[in-house]
Each structure stands twice: as C-alpha cells, then as structure tokens.
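Peer 1: Following this line is my_file25.cif, made up of mmCIF, C-alpha atoms:
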data_structure
#
loop_
_atom_site.label_atom_id
_atom_site.label_comp_id
_atom_site.auth_asym_id
_atom_site.auth_seq_id
_atom_site.Cartn_x
_atom_site.Cartn_y
_atom_site.Cartn_z
CA MET H 15 27.29 -4.03 13.97
CA SER H 16 25.12 -4.37 17.07
CA ILE H 17 22.35 -1.93 17.87
CA THR H 18 21.32 -0.39 21.15
CA ILE H 19 18.06 1.48 21.66
CA ILE H 20 16.93 3.34 24.73
CA TYR H 21 13.28 4.00 24.08
CA SER H 22 10.47 6.07 25.53
CA THR H 23 6.93 6.83 24.42
CA PRO H 24 6.86 8.37 20.89
CA THR H 25 5.23 11.64 19.98
CA THR H 26 2.03 9.94 18.76
CA ALA H 27 0.05 7.07 18.69
CA SER H 28 19.22 -7.06 10.99
CA SER H 29 22.32 -6.45 10.12
CA SER H 30 25.45 -7.78 11.84
CA ALA H 31 27.51 -5.40 9.73
CA LEU H 32 26.03 -2.32 11.34
CA ASN H 33 28.26 -0.69 13.95
CA SER H 34 25.89 1.93 15.28
CA SER H 35 23.37 2.01 18.08
CA PHE H 36 20.16 3.83 18.83
CA VAL H 37 18.94 5.58 21.91
CA SER H 38 15.55 7.26 21.85
CA LEU H 39 14.81 10.62 23.40
CA PRO H 40 11.57 11.24 25.28
CA THR H 41 8.84 13.30 23.69
CA PRO H 42 7.94 16.03 24.20
CA LEU H 43 11.61 16.86 24.12
CA THR H 44 11.38 19.37 26.95
CA SER H 45 10.51 16.74 29.55
CA ILE H 46 11.76 13.36 30.73
CA SER H 47 9.17 10.68 30.04
CA LYS H 48 8.52 7.83 32.46
CA LEU H 49 9.79 4.48 31.27
CA LEU H 50 7.45 1.56 30.91
CA SER H 51 6.23 0.15 34.21
CA SER H 52 7.72 -3.22 33.24
CA SER H 53 11.22 -1.80 32.93
CA PRO H 54 13.87 -3.03 35.38
CA PRO H 55 15.04 -0.69 38.19
CA HIS H 56 17.60 1.81 37.05
CA ARG H 57 19.64 4.75 38.19
CA PRO H 58 19.50 8.18 36.48
CA PHE H 59 21.68 8.45 33.39
CA ARG H 60 21.96 10.94 30.57
CA LEU H 61 23.69 11.20 27.23
CA ARG H 62 21.96 14.54 26.75
CA THR H 63 20.09 16.65 29.22
CA THR H 64 16.78 15.33 27.94
CA LEU H 65 17.72 11.63 27.75
CA PRO H 66 15.65 9.30 29.98
CA PRO H 67 17.02 6.56 32.26
CA PRO H 68 17.97 3.85 29.78
CA ILE H 69 16.75 0.40 28.92
CA LEU H 70 19.33 -1.45 26.88
CA CYS H 71 18.05 -2.89 23.62
CA SER H 72 20.51 -4.46 21.24
CA SER H 73 20.67 -6.78 18.27
CA SER H 74 23.24 -8.91 20.07
CA SER H 75 22.42 -12.28 21.68
CA ARG H 76 22.00 -10.87 25.20
CA SER H 77 18.80 -12.07 26.82
CA VAL H 78 16.26 -10.00 28.70
CA SER H 79 17.42 -11.70 31.91
CA ASP H 80 21.00 -10.55 31.19
CA MET H 81 19.65 -7.06 30.67
CA ASP H 82 17.84 -7.19 34.00
CA ALA H 83 21.04 -8.28 35.76
CA THR H 84 22.88 -5.15 34.60
CA GLY H 85 20.00 -2.82 35.21
CA GLY H 86 19.78 -2.18 31.46
CA GLN H 87 22.25 0.68 31.64
CA SER H 88 24.76 1.73 29.05
CA LEU H 89 27.25 4.58 28.73
CA TYR H 90 28.84 6.13 25.63
CA PRO H 91 31.01 9.17 24.92
CA LEU H 92 28.74 12.03 23.90
CA HIS H 93 30.81 12.94 20.85
CA ARG H 94 30.20 9.46 19.40
CA THR H 95 26.45 10.05 19.18
CA LYS H 96 24.07 11.81 16.84
CA THR H 97 20.49 12.77 17.61
CA LEU H 98 18.03 11.79 14.87
CA HIS H 99 14.46 13.04 14.61
CA LEU H 100 12.57 10.62 12.39
CA VAL H 101 9.45 11.93 10.66
CA ARG H 102 7.02 10.12 8.40
CA HIS H 103 5.54 12.39 5.73
CA ALA H 104 2.06 13.80 6.26
CA GLN H 105 -0.99 12.31 4.57
CA GLY H 106 -0.66 12.14 0.80
CA ILE H 107 -3.41 11.80 -1.76
CA HIS H 108 -2.22 8.21 -2.35
CA ASN H 109 -2.96 7.41 1.32
CA VAL H 110 -6.53 8.61 0.84
CA GLU H 111 -7.10 6.65 -2.37
CA GLY H 112 -5.28 3.57 -1.09
CA GLU H 113 -7.59 3.39 1.93
CA LYS H 114 -10.58 3.28 -0.42
CA ASP H 115 -9.08 0.79 -2.87
CA HIS H 116 -5.56 -0.62 -2.56
CA ASP H 117 -5.42 -1.22 -6.32
CA ALA H 118 -5.70 2.55 -6.80
CA LEU H 119 -2.00 2.76 -5.85
CA LEU H 120 -1.24 1.27 -9.26
CA SER H 121 -2.71 4.30 -11.01
CA TYR H 122 -0.40 6.82 -12.67
CA ASP H 123 -2.84 9.49 -11.53
CA LEU H 124 -1.01 9.20 -8.18
CA PHE H 125 2.48 9.57 -9.69
CA ASP H 126 4.79 11.13 -7.06
CA ALA H 127 1.81 11.83 -4.83
CA ASN H 128 1.50 15.26 -3.20
CA LEU H 129 0.08 16.04 0.24
CA SER H 130 -3.68 16.11 0.76
CA PRO H 131 -5.38 19.13 2.41
CA LEU H 132 -5.51 17.12 5.64
CA GLY H 133 -1.81 16.37 5.22
CA TRP H 134 -1.01 20.09 5.19
CA LYS H 135 -2.98 20.51 8.43
CA GLN H 136 -0.85 17.72 9.92
CA VAL H 137 2.26 19.58 8.79
CA ASP H 138 1.06 22.76 10.48
CA ASN H 139 0.44 20.93 13.75
CA LEU H 140 3.85 19.24 13.76
CA ARG H 141 5.48 22.57 12.96
CA LYS H 142 3.78 24.10 16.01
CA HIS H 143 5.09 21.21 18.13
CA VAL H 144 8.73 21.46 17.03
CA HIS H 145 8.69 25.19 17.67
CA ALA H 146 6.96 24.86 21.04
CA CYS H 147 9.43 22.27 22.32
CA GLY H 148 12.47 24.14 20.98
CA LEU H 149 13.48 21.44 18.52
CA SER H 150 13.34 23.81 15.55
CA LYS H 151 16.29 25.76 16.95
CA ARG H 152 18.47 22.68 17.46
CA ILE H 153 18.31 21.01 14.06
CA ASP H 154 21.65 21.15 12.21
CA LEU H 155 20.48 19.41 9.03
CA VAL H 156 17.28 18.13 7.42
CA VAL H 157 17.66 14.99 5.31
CA VAL H 158 14.66 14.29 3.11
CA SER H 159 13.48 11.64 0.68
CA PRO H 160 13.32 13.08 -2.87
CA LEU H 161 9.60 12.41 -3.24
CA LEU H 162 7.16 15.29 -3.40
CA ARG H 163 5.13 14.42 -0.29
CA ALA H 164 8.28 14.05 1.84
CA MET H 165 9.81 17.33 0.65
CA GLN H 166 6.53 19.20 1.19
CA THR H 167 6.42 17.82 4.74
CA ALA H 168 10.08 18.62 5.44
CA VAL H 169 9.98 22.25 4.33
CA GLY H 170 6.57 22.79 5.92
CA VAL H 171 7.73 21.52 9.31
CA PHE H 172 11.37 22.65 9.49
CA GLY H 173 11.49 25.53 6.98
CA GLY H 174 11.27 29.28 7.52
CA GLU H 175 8.12 31.34 7.51
CA ALA H 176 6.21 32.33 4.39
CA TYR H 177 8.56 33.88 1.86
CA THR H 178 8.92 37.66 2.13
CA ASP H 179 9.68 39.88 -0.85
CA GLY H 180 12.94 41.76 -0.53
CA ILE H 181 14.71 38.97 1.40
CA ASN H 182 17.55 37.82 -0.81
CA VAL H 183 17.43 34.07 -0.09
CA PRO H 184 16.02 31.31 -2.32
CA PRO H 185 12.76 29.77 -1.11
CA LEU H 186 12.72 26.20 0.13
CA MET H 187 9.48 25.67 -1.77
CA ALA H 188 7.92 27.71 -4.54
CA ALA H 189 4.33 28.90 -4.20
CA ASN H 190 1.60 26.34 -4.96
CA THR H 191 4.07 23.46 -5.37
CA GLY H 192 2.17 20.21 -5.84
CA LYS H 193 -1.16 22.06 -6.07
CA SER H 194 -0.75 22.94 -2.41
CA GLY H 195 -2.24 26.42 -2.57
CA ARG H 196 0.53 27.40 -0.17
CA PRO H 197 2.70 30.50 -0.41
CA ALA H 198 6.40 30.05 -0.96
CA ILE H 199 8.34 28.86 2.09
CA SER H 200 11.48 30.80 2.93
CA SER H 201 14.89 29.30 3.70
CA LEU H 202 15.68 32.25 5.96
CA ASN H 203 16.95 31.06 9.37
CA SER H 204 16.38 27.44 8.38
CA PRO H 205 18.84 24.54 8.61
CA PRO H 206 20.23 23.18 5.33
CA PHE H 207 18.06 20.63 3.48
CA VAL H 208 19.58 17.76 1.52
CA ALA H 209 17.70 15.15 -0.56
CA VAL H 210 18.98 11.56 -0.29
CA GLU H 211 17.81 8.60 -2.37
CA LEU H 212 18.68 6.05 0.34
CA CYS H 213 15.72 7.08 2.53
CA ARG H 214 13.07 6.78 -0.19
CA GLU H 215 9.90 4.73 0.10
CA ARG H 216 9.79 1.12 -1.11
CA LEU H 217 10.86 1.09 -4.76
CA GLY H 218 8.93 -0.20 -7.74
CA VAL H 219 5.45 -0.92 -9.14
CA ASN H 220 3.43 1.85 -7.42
CA PRO H 221 3.66 5.12 -9.41
CA CYS H 222 3.12 7.13 -6.20
CA ASP H 223 6.62 6.01 -5.15
CA LYS H 224 8.30 7.12 -8.40
CA ARG H 225 10.00 10.52 -8.27
CA ARG H 226 10.15 13.32 -10.79
CA SER H 227 13.40 14.31 -12.44
CA ILE H 228 15.75 16.58 -10.53
CA THR H 229 15.32 19.04 -13.38
CA ASP H 230 11.63 19.22 -12.48
CA TYR H 231 12.23 19.41 -8.73
CA SER H 232 14.91 22.10 -8.69
CA PRO H 233 12.64 25.08 -9.48
CA LEU H 234 10.00 23.76 -7.07
CA PHE H 235 12.47 23.43 -4.17
CA PRO H 236 15.24 25.95 -5.00
CA ALA H 237 16.99 25.83 -1.60
CA VAL H 238 17.00 22.02 -1.27
CA ASP H 239 20.38 20.46 -2.11
CA PHE H 240 19.95 17.71 -4.74
CA SER H 241 23.68 17.31 -5.42
CA LEU H 242 23.89 13.87 -3.78
CA ILE H 243 21.43 12.40 -6.30
CA GLU H 244 23.49 11.03 -9.16
CA ASN H 245 20.85 10.67 -11.87
CA ASP H 246 18.43 13.29 -13.09
CA LYS H 247 15.74 10.74 -13.92
CA ASP H 248 14.51 8.07 -11.53
CA ILE H 249 16.40 4.93 -12.53
CA LEU H 250 15.77 3.12 -9.22
CA TRP H 251 12.00 2.70 -9.65
CA THR H 252 10.84 -0.10 -11.96
CA PRO H 253 7.24 -0.78 -13.07
CA ASP H 254 7.32 -4.55 -12.51
CA ILE H 255 9.61 -5.29 -9.53
CA ARG H 256 8.69 -4.29 -5.97
CA GLU H 257 11.56 -3.90 -3.51
CA ARG H 258 11.63 -6.70 -0.89
CA ASP H 259 11.50 -6.11 2.86
CA GLU H 260 15.07 -7.29 3.40
CA GLU H 261 16.30 -4.98 0.64
CA ILE H 262 14.65 -2.01 2.33
CA ALA H 263 16.23 -2.99 5.66
CA ALA H 264 19.67 -3.27 4.04
CA ARG H 265 19.19 0.13 2.43
CA GLY H 266 18.31 1.50 5.86
CA GLN H 267 21.60 0.23 7.34
CA LYS H 268 23.52 1.78 4.46
CA PHE H 269 21.73 5.05 5.13
CA LEU H 270 22.73 4.97 8.81
CA LYS H 271 26.35 4.40 7.86
CA TRP H 272 26.15 7.39 5.53
CA LEU H 273 24.94 9.54 8.41
CA TRP H 274 28.30 9.02 10.12
CA THR H 275 29.99 10.79 7.21
CA ARG H 276 28.13 13.95 8.22
CA LYS H 277 29.52 16.39 10.76
CA GLU H 278 26.06 17.52 11.93
CA LYS H 279 25.07 16.19 15.35
CA GLU H 280 21.29 16.76 15.41
CA ILE H 281 19.54 15.72 12.21
CA ALA H 282 15.90 15.58 11.12
CA ILE H 283 15.04 12.82 8.65
CA VAL H 284 11.77 13.07 6.74
CA SER H 285 10.98 9.78 5.06
CA HIS H 286 8.34 7.06 4.70
CA ASN H 287 6.73 4.42 6.89
CA ARG H 288 8.07 1.36 5.10
CA PHE H 289 11.63 2.69 5.08
CA LEU H 290 11.59 3.83 8.71
CA SER H 291 9.80 0.77 10.10
CA HIS H 292 12.08 -1.71 8.30
CA THR H 293 15.15 0.23 9.43
CA LEU H 294 14.02 0.32 13.07
CA GLY H 295 12.66 -3.24 12.91
CA ALA H 296 16.15 -4.74 12.89
CA PHE H 297 16.83 -3.42 16.38
CA GLY H 298 15.78 -4.07 19.96
CA ASN H 299 15.92 -7.86 19.83
CA ASP H 300 16.94 -8.22 23.49
CA CYS H 301 14.54 -5.56 24.80
CA HIS H 302 11.54 -6.30 26.94
CA PRO H 303 8.87 -7.34 24.39
CA SER H 304 6.74 -4.27 25.09
CA VAL H 305 9.72 -2.00 24.37
CA LYS H 306 10.50 -3.91 21.18
CA ARG H 307 6.90 -3.37 20.06
CA GLU H 308 7.16 0.36 20.71
CA ILE H 309 10.36 0.60 18.69
CA CYS H 310 9.07 -1.37 15.73
CA THR H 311 5.51 -0.13 15.32
CA ASP H 312 4.58 1.55 12.07
CA LEU H 313 4.66 5.35 12.04
CA VAL H 314 1.44 7.22 11.35
CA ASN H 315 1.38 10.21 9.03
CA CYS H 316 3.43 13.13 10.35
CA GLU H 317 4.62 11.22 13.42
CA LEU H 318 7.94 12.26 14.99
CA ARG H 319 10.23 9.85 16.85
CA SER H 320 13.53 11.03 18.29
CA VAL H 321 16.47 8.67 18.77
CA VAL H 322 20.20 8.81 19.37
CA ILE H 323 22.52 6.83 17.12
CA ILE H 324 25.71 5.65 18.83
CA ASP H 325 29.04 5.03 17.12
CA ARG H 326 30.31 1.86 18.81
CA SER H 327 32.86 0.93 16.16
CA MET H 328 34.78 4.17 15.60
CA ILE H 329 33.06 4.89 12.26
CA GLY H 330 32.88 8.55 13.16
CA SER H 331 36.05 10.56 13.64
CA ASP H 332 34.69 13.61 15.44
CA SER H 333 36.57 14.66 18.54
CA SER H 334 34.77 15.90 21.63
CA THR H 335 33.96 19.59 21.84
CA THR H 336 33.20 19.41 25.56
CA ASN H 337 35.83 17.06 27.07
CA TYR H 338 38.66 18.86 28.93
CA PRO H 339 42.07 17.26 29.63
CA GLY H 340 42.55 18.69 33.11
CA GLU H 341 45.85 19.45 34.90
CA ILE H 342 46.19 22.86 33.33
CA PRO H 343 48.46 23.94 34.92
CA SER H 344 49.72 20.52 36.01
CA GLY H 345 50.47 19.65 39.63
CA LEU H 346 50.50 16.88 42.22
CA ASP H 347 47.64 14.49 41.58
CA LEU H 348 48.01 11.45 43.84
CA PRO H 349 44.76 9.41 44.00
CA SER H 350 43.17 9.51 47.47
CA VAL H 351 43.06 5.72 47.83
CA ILE H 352 46.80 5.41 47.23
CA ALA H 353 47.44 8.35 49.53
CA SER H 354 45.54 6.72 52.40
CA GLU H 355 47.56 3.52 51.96
CA LYS H 356 50.81 5.47 52.14
CA HIS H 357 49.63 7.49 55.14
CA PRO H 358 47.39 5.16 57.19
CA GLU H 359 47.65 7.42 60.24
CA GLU H 360 45.68 10.08 58.35
CA LYS H 361 42.93 7.68 57.20
CA ASP H 362 40.44 8.88 59.80
CA ALA H 363 41.48 12.53 59.76
#
I'd like the structure from this file rewritten - as structure tokens, please.
Peer 2:
Amino acid sequence: MSITIIYSTPTTASSSALNSSFVSLPTPLTSISKLLSSSPPHRPFRLRTTLPPPILCSSSSRSVSDMDATGGQSLYPLHRTKTLHLVRHAQGIHNVEGEKDHDALLSYDLFDANLSPLGWKQVDNLRKHVHACGLSKRIDLVVVSPLLRAMQTAVGVFGGEAYTDGINVPPLMAANTGKSGRPAISSLNSPPFVAVELCRERLGVNPCDKRRSITDYSPLFPAVDFSLIENDKDILWTPDIRERDEEIAARGQKFLKWLWTRKEKEIAIVSHNRFLSHTLGAFGNDCHPSVKREICTDLVNCELRSVVIIDRSMIGSDSSTTNYPGEIPSGLDLPSVIASEKHPEEKDA
C-alpha cells in the first residue's frame, strides 16, 4: 500500500502492504499555513476547508523530479479520507528520570509511569489550544494507548470539564488517578474514548512501558472503553525482549488498517513517540528532503500533529454524505462542446 502525505508545519517544535495515504492539515487548524519555500509551484486545492495546497509525498518509487513535473498535486474523494490528530503523551515521571540516568528506565519504581506535574501543565496548555482552534468540537472518537500517562493525557486534553455532582454520567478519570491531585474529569459532552493495544509504546524490558491490568484501570477510567483489549493482564510486555524498530513500524501499519474499520471520520490518537515516529517514518520517501524531515521528526511531549489518511485501495466502504447525483428532475443535458460541434453557426453567439 503506497502512502501519500501532504505536510505543513506541525503544532510545535515501510510497508508495501499498506493501502492508505496521509495528508497533513496545517496548524493551527483555523488557518492555512504557508508551505515550505522549497516546495514546487502549485494551485489551490482542498480536501477539507482547512487543507493547504498539497505537496505529494508517497512511499512509491516516484522521484522528486517526477513530483515537480506534476506540481505535487493529488486529488481524492472526500469520503475516502479520515482526519487524524496525533498526540504524544505529556511528560511522564519516566521522562524526567530517564533524562538524568537512562538506566533508571529499568526500575520498577517507574512501572506504568504517570504524568509529572509539568506534564499536567502541558496537558492544560494543549487543552486550551484544541478548544481555541475549535478542534475539541470536531473530534468523533479518541483512541488512546492503554498506558497510564497516555490515558491521563487523552482525558485531560479531550475530556469534559471537572466532574460535577448530580450529573449522571461516569467520569472519564477518577479523582487523583496516578497521584495527579486532579479532580475527576467528566465524560459529559465528550467524544467516546477507546483504548487500543496496537498504539502502545515500544514493548518489553522497561517497566514504564508495562500496563496495569484492565481490572485495575476500569475504576480509574470508568468512561474509557477497554472492550477491545482481549487480556486483562499485560501479556505483550516481556522483561527480557525489547520490541524492534521494524516490529513497531509493522504494528503501526496494522493500526492504520484497523482505523478503516471505524465509521468515525475525525479521530484523535494519543500515543507515544516511538510508536508515532516509526509509523510516520515509513512515509514520504519521494518528498522534498526537508518535507520528509518534518514528517519523520520525533514528537515532543504533548505535541499535536494533524494528518489526513486516504483510502486508495477501497479498504473503507463508507459512501459519501455530501455527493449529489444531479439531474433531479432529469432533463436535456448535452455537453457544450458537443453542442458547438453540432451547431457551429452558434459557436460565437
């Protein structure tokens, strides 16, 4: 499956089997960002009202010179796209300790690491951003890694306000979850949240990347859907085998295929740097090198990147909700070119 990415400046600082493509949205989402100065000339084009003029980036064998010859433009039916908002979790206590001493990541004191106080400030700032740009009202679904730091980030950014007594909805997060000192977070007026193992951090060896049991998580995150996780205990993490880069990338492609089984069109994904960077790293091989670098750079804590995934191989089955067949009621519809050939005397009329 070949990949296409149309990329613009992010919010902050390969698999031939994949039949999807990516197009990135500009950030902030309420404006159209300028493309890189090295981009080839292009004409305006939009998949969505906020989509920038495109640069074509694909995992096919097309060269940059080929891309320049076509102006780097590409066009896809809107109903064969999904908008993805990729978020790396905020700073966790393992990030702090790992900066001091990388071997600290081997300590079970960092098991399923929670957010640091600075991480919660990062969450608050990203939450302000997604509300200010209107993104919070457009999200249909939040997909989150079932690790504590990712779920804290997801509910903190995309969840409701602080839980209010008397409102008969389960909270997304119970009060003081993960020693956060935070009040409960309501699910009122929030999109659905679903935990998915495929978008976890690199598996194995480091206890900070091992999850708790679903039995432990459920009372901490009552409104998060854990039904897609098959095993209560974490059977994927092993103490002596670290997941390889190519295995993470393959897991990323499997995750993207799974997304096409969902009906939601605009999805937030809260995950981890290694998973997101290895997933994105397979794409953009025929981009201008500077665009490729922008696509494949690591994500910093609490960074948001917005992309559009394109169904180029009919994986998705959704029909358009905006296309209209025309000719209702039907009538004469002779194309003007044919008409002028049949009636040359009227050509200059």
Peer 1: So that I can check the surroundings of Thr191 of chain H, please list as a PyMOL selection string every protein, DNA and RNA residue that reaches within 9 Å of it, counting all atoms listed in the file and ignoring chain neighbours fewer than 2 positions away.
Peer 2: chain H and resi 128+162+166+187-189+193-198+234-235
Peer 1: May I have the selected residues written with C-alpha atoms, as a PDB file, in the frame of the given file?
Peer 2:
ATOM      1  CA  ASN H 128       1.500  15.260  -3.200  1.00  0.00           C
ATOM      2  CA  LEU H 162       7.160  15.290  -3.400  1.00  0.00           C
ATOM      3  CA  GLN H 166       6.530  19.200   1.190  1.00  0.00           C
ATOM      4  CA  MET H 187       9.480  25.670  -1.770  1.00  0.00           C
ATOM      5  CA  ALA H 188       7.920  27.710  -4.540  1.00  0.00           C
ATOM      6  CA  ALA H 189       4.330  28.900  -4.200  1.00  0.00           C
ATOM      7  CA  LYS H 193      -1.160  22.060  -6.070  1.00  0.00           C
ATOM      8  CA  SER H 194      -0.750  22.940  -2.410  1.00  0.00           C
ATOM      9  CA  GLY H 195      -2.240  26.420  -2.570  1.00  0.00           C
ATOM     10  CA  ARG H 196       0.530  27.400  -0.170  1.00  0.00           C
ATOM     11  CA  PRO H 197       2.700  30.500  -0.410  1.00  0.00           C
ATOM     12  CA  ALA H 198       6.400  30.050  -0.960  1.00  0.00           C
ATOM     13  CA  LEU H 234      10.000  23.760  -7.070  1.00  0.00           C
ATOM     14  CA  PHE H 235      12.470  23.430  -4.170  1.00  0.00           C
TER      15      PHE H 235
END
Peer 1: Is it possible to get the residues within 10 Å of (7.0, 4.6, 15.3) (coordinates as in the file, counting only C-alpha atoms) written as a ChimeraX atom specification?
Peer 2: /H:23-27,100-102,287,290-291,294-295,307-314,317-320
Peer 1: Do you know which residues are at most 7 Å from Gly106 of chain H counting only C-alpha atoms, after dropping those on the same chain fewer than 5 positions away, and could you put them as a list in words?
Peer 2: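 My reading of the contact set: Ala127, Asn128, Leu129, Ser130, Gly133 and Arg163 of chain H.
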Peer 1: Taking the file as shown, find all residues satisfying the PyMOL selection byres ((chain H and resi 137-153) around 6) and write them as an MDAnalysis selection string.
Peer 2: chainID H and resid 44 134:136 154:155 171 280:281
Peer 1: If we count all atoms listed in the file, what is near Val158 of chain H at a cut-off of 10 Å, once residues fewer than 6 positions away on the same chain are taken out, given as a list of chain:residue names?
Peer 2: H:Val101, H:His103, H:Ala164, H:Met165, H:Gln166, H:Thr167, H:Ala168, H:Val169, H:Phe207, H:Val208, H:Ala209, H:Val210, H:Glu211, H:Leu212, H:Cys213, H:Arg214, H:Val238, H:Asp239, H:Ala282, H:Ile283, H:Val284, H:Ser285, H:His286
